[in-house]
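Contents: one structure, followed by commentary.
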Protein chains: 2
Amino acid sequence: MTAKRLAGQPVAVAIRERTGQLVSRLSSEGITARVAVVLATDNEATAWYVRSIERAAEQLGVHCQVLDLASGTQSELAQTIRALNADETVHGIILQTPLPESVDPAALVQLIDPAKDIDGANPLSLGRLSVGQPAFAPATARSVIEILEHYQIPLAGEHVAVVGRSAVVGKPLAQLLLQRDATVSICHSRTTNLAEITKAAAVTVVAVGRANLLTGNEVSDSSVVIDVGTNVTEDGQLVGDVHAESVQTLVRAMSPVPGGVGTVTTALLILHATQAAVAVLEDASLRGAPMAARR
Amino acid sequence: MTAKRLAGQPVAVAIRERTGQLVSRLSSEGITARVAVVLATDNEATAWYVRSIERAAEQLGVHCQVLDLASGTQSELAQTIRALNADETVHGIILQTPLPESVDPAALVQLIDPAKDIDGANPLSLGRLSVGQPAFAPATARSVIEILEHYQIPLAGEHVAVVGRSAVVGKPLAQLLLQRDATVSICHSRTTNLAEITKAAAVTVVAVGRANLLTGNEVSDSSVVIDVGTNVTEDGQLVGDVHAESVQTLVRAMSPVPGGVGTVTTALLILHATQAAVAVLEDASLRGAPMAARR
């Protein structure tokens, strides 16, 4: 037996279709969705990722502006975020990590207007998500849900194990799963009974950032496994958190790395940006304000 | 066998001692901690609860002001909260539920300054708690932790089942437990395998608001059970969410209702108020501002 492959590509295609519909709607009102990426590193992998966001935006007719502040100070970065909040032509703001060591990231992310926080970086976005108010989840956390829903994996009433408790994946993902009526077990490095929990769970999501964390010993033949990890091996290969060889012959379905969650993330960021732009449009029409005043 | 009784009273006593120390410290700086309770109902049970907050404050030398806005509109309540935020002599704000039906509670709680949000009502407080930033948790959620820690129930690496996913108990409690390195399973009305999870868990916390939700069938002889429920039976008795008769002969330890979590909550609110006042003091001394300017 080999597990069904939960590839990210068809999920990303479906998300781009939804985005395209929103772009058309915005276009008919004379609006172009705009994303601003605040970049403060010359890290090569980050530069590559930001280019992938730019490409994804361009393909869909969304404007993407990269603000390169590689030697930016705390106050320069704060000022940039405040200016983007105030700029009504900007609908989405991404504060790209890593940030310079001299900078306090917590103080910066809480400046991002939740309405423009398309990567769910502000703790207020996470709080709103937790209490069921409208908010953007981090794109990676949301990608996991998109994959599960695309492949029609049931979540309501199901037991889902989330391995990892980061603010960007594990914690917001737990909230998204609870919203969908899943029973959620949050496991992490200090968990002593991982196999007991993941074997009993219908779905296991691994988002720890350690290669080979989940092996054949922690799964069952009914498991659905989503691998959020992106680790680079000594010989330069990209691998997930799941020991693919031992797991894929045992489980029911599994998302690959590469070609899984990572494939969906940038598509989702652009969807979020267009959703943010549509929300401004709907908000303005609710208030009866002329559109031009909101652009 | 009868379960060890995890009574709230000794926990509340210990919390009042900690509060007393903070009150002395504030007093030596000429500061009186002040709580404001915004009340917008004539509900009898609520009035009783608010009086218990007043009494708890008075006993410890904390000033408690009840603002009775029983026929208050949205804008009057919002204005009141804004005024309390701006008032530097007020250190803690409690927006007491229930609120009038015409009022949108979500719009009000997000106005509460997180530094004064001593009952963790603002989603920003929950978000900050989730990402590990300083924030007040709702007093009820925090009471559960205080009881477990007082009776030296280990949490790190242990599996804790939280039954209930409310914004005031289940969700913030899950964050407090994760902070303490517990593995956390969040169960709720749609959970299909409750007994499987709660039997395997070292600690089960029930916060659903339904009498007899947890019975002897869902526990094991090593279980520690914390009952957050407060339900009034047809004949006027206060009972928890746990079917005490069947559970207490089976489990290792259990908190009673009444006399458990509820006993700790008001003590914690007053502790939070003094902590908020001390934070202002420390913040001011860090900045080198004269104390008088902060009062």
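Each chain in the structure tokens gets a letter, A, B, ..., in the order shown, and its residues are numbered from 1; ligands are numbered from 1 in order too.
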Which residues come within 12 Å of Glu101 in chain A, counting only C-alpha atoms, excluding same-chain residues fewer than 4 positions away, as a PDB file with C-alpha atoms, in the first residue's frame?
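File produced: selection-v1.pdb:
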ATOM      1  CA  ALA A  40      14.660  43.710   6.330  1.00  0.00           C
ATOM      2  CA  THR A  41      17.134  40.952   5.564  1.00  0.00           C
ATOM      3  CA  ALA A  70      17.736  45.682   5.000  1.00  0.00           C
ATOM      4  CA  SER A  71      19.480  48.029   7.406  1.00  0.00           C
ATOM      5  CA  GLY A  72      16.236  49.303   8.882  1.00  0.00           C
ATOM      6  CA  THR A  73      16.021  50.296  12.543  1.00  0.00           C
ATOM      7  CA  GLN A  74      13.063  49.635  14.830  1.00  0.00           C
ATOM      8  CA  THR A  97      10.956  37.374   8.806  1.00  0.00           C
ATOM      9  CA  PRO A 105       9.500  41.777  16.211  1.00  0.00           C
TER      10      PRO A 105
END
*Using only C-alpha atoms, determine which residues of chain A fall within 9 Å of chain B; present them as a ChimeraX atom specification.*
/A:106,122-133,156-159,161,165-167,171,175,178,181-193,197
*Please give the complete set of residues from range 129-268 of chain A that DSSP, run on the backbone, assigns to helix (DSSP H, G or I), formatted as an NGL selection string.*
:A and (129-131 or 139-150 or 170-179 or 194-200 or 216-218 or 244-248 or 261-268)
*Nearest to Leu22 in chain B: which of B:Ala276, B:Ala3, B:Ile153, B:Ala83 is it, counting only C-alpha atoms?*
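Looking at the shortest contact to Leu22 in chain B, the residue is B:Ala276.
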*Step one, run DSSP on the backbone; step two, keep only residues of range 89-216 of chain B assigned to strand (DSSP E); then write them as a PyMOL selection string.*
chain B and resi 92-95+159-163+183-187+203-206
Selection: 12 Å around Ser28 in chain B, only C-alpha atoms, excl. self and same-chain fewer than 5 positions, as a compact mmCIF listing (two decimals) with N, CA and C atoms, in the first residue's frame:
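Result written to out06.txt:
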# COMPACT_ATOMS: atom_id res chain seq x y z
N GLN B 21 0.88 41.30 49.82
CA GLN B 21 2.25 41.78 49.67
C GLN B 21 2.35 42.89 48.61
N LEU B 22 1.61 42.70 47.51
CA LEU B 22 1.63 43.73 46.47
C LEU B 22 0.96 45.01 46.96
N VAL B 23 -0.13 44.85 47.73
CA VAL B 23 -0.83 46.02 48.26
C VAL B 23 0.10 46.82 49.17
N VAL B 278 1.04 47.43 40.03
CA VAL B 278 2.50 47.28 40.19
C VAL B 278 3.20 47.45 38.84
N LEU B 281 3.64 51.02 38.15
CA LEU B 281 4.70 51.51 39.03
C LEU B 281 6.08 51.17 38.46
N MET B 291 6.63 59.34 40.35
CA MET B 291 5.44 58.52 40.58
C MET B 291 4.15 59.32 40.45
*Name the closest residue to Arg5 in chain B among the candidates B:Glu29, B:Glu146, B:Asp241, B:Asp227; distances are taken between atoms, counting only C-alpha atoms.*
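Closest residue, counting only C-alpha atoms: B:Asp227.
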*asked:* Could you tell me how far CA of Ile270 in chain A sits from CA of Glu58 in chain A, in Å to one decimal place?
replied: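 If I compute the distance from CA of Glu58 in chain A to CA of Ile270 in chain A, I get 9.7 Å.
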*Could you name the residues that touch Ala78 in chain B at 8 Å or less, counting only C-alpha atoms, but leaving out those on the same chain fewer than 4 positions away, as a ChimeraX atom specification?*
/B:74,82,108,111
*Any idea what's packed within 10 Å of Asn217 in chain B, counting only C-alpha atoms, ignoring anything in its chain fewer than 5 positions away? Could you give it as a VMD selection string?*
chain B and resid 194 to 196 198 to 199 246 to 247 250
Could those selected residues go to a file with N, CA and C atoms, as a PDB file, in the first residue's frame?
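Resulting contents of part-v1.pdb:
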ATOM      1  N   LEU B 194     -14.814  11.218  23.583  1.00  0.00           N
ATOM      2  CA  LEU B 194     -14.484  11.901  24.842  1.00  0.00           C
ATOM      3  C   LEU B 194     -13.850  10.965  25.859  1.00  0.00           C
ATOM      4  N   ALA B 195     -14.490   9.823  26.107  1.00  0.00           N
ATOM      5  CA  ALA B 195     -13.991   8.909  27.136  1.00  0.00           C
ATOM      6  C   ALA B 195     -12.573   8.442  26.820  1.00  0.00           C
ATOM      7  N   GLU B 196     -12.322   8.191  25.538  1.00  0.00           N
ATOM      8  CA  GLU B 196     -10.987   7.743  25.121  1.00  0.00           C
ATOM      9  C   GLU B 196      -9.929   8.768  25.528  1.00  0.00           C
ATOM     10  N   THR B 198     -10.298  11.502  27.757  1.00  0.00           N
ATOM     11  CA  THR B 198     -10.246  11.866  29.186  1.00  0.00           C
ATOM     12  C   THR B 198      -9.695  10.715  30.035  1.00  0.00           C
ATOM     13  N   LYS B 199      -9.946   9.483  29.634  1.00  0.00           N
ATOM     14  CA  LYS B 199      -9.383   8.353  30.391  1.00  0.00           C
ATOM     15  C   LYS B 199      -7.866   8.306  30.271  1.00  0.00           C
ATOM     16  N   SER B 246     -20.565   9.562  40.916  1.00  0.00           N
ATOM     17  CA  SER B 246     -19.903   8.459  40.220  1.00  0.00           C
ATOM     18  C   SER B 246     -18.413   8.709  40.026  1.00  0.00           C
ATOM     19  N   VAL B 247     -18.010   9.984  39.991  1.00  0.00           N
ATOM     20  CA  VAL B 247     -16.606  10.297  39.701  1.00  0.00           C
ATOM     21  C   VAL B 247     -15.734  10.245  40.948  1.00  0.00           C
ATOM     22  N   LEU B 250     -13.945   7.165  42.114  1.00  0.00           N
ATOM     23  CA  LEU B 250     -13.043   6.523  41.150  1.00  0.00           C
ATOM     24  C   LEU B 250     -11.704   7.225  41.002  1.00  0.00           C
TER      25      LEU B 250
END
*Identify, on the basis of only C-alpha atoms, every residue whose closest approach to Ala7 in chain B does not exceed 12 Å; exclude the query and any residue fewer than 5 positions from it along the same chain; express the result as a PyMOL selection string.*
chain B and resi 12-13+143-144+146-148+150-151+225-227+253-264
_My list of candidates is B:His91, B:Arg252, B:His272, B:Arg18. Which is closest to Pro138 in chain B when distances are computed with only C-alpha atoms?_
B:His272
*Surrounding residues of Thr233 in chain B excluding itself and chain neighbours under 6 positions, 10 Å, only C-alpha atoms, as a list in words*: Ala211, Val239 and Gly240 of chain B
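The interatomic distance for the pair CA of Val109 in chain A and CA of Leu268 in chain A works out to 19.4 Å.
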*Using only C-alpha atoms, which of B:Val203, B:Glu234, B:Leu213, B:Val208 sits nearest Val169 in chain B?*
B:Val208
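Reported to one decimal place, the separation of CA of Thr19 in chain A from CA of Leu60 in chain A is 7.5 Å.
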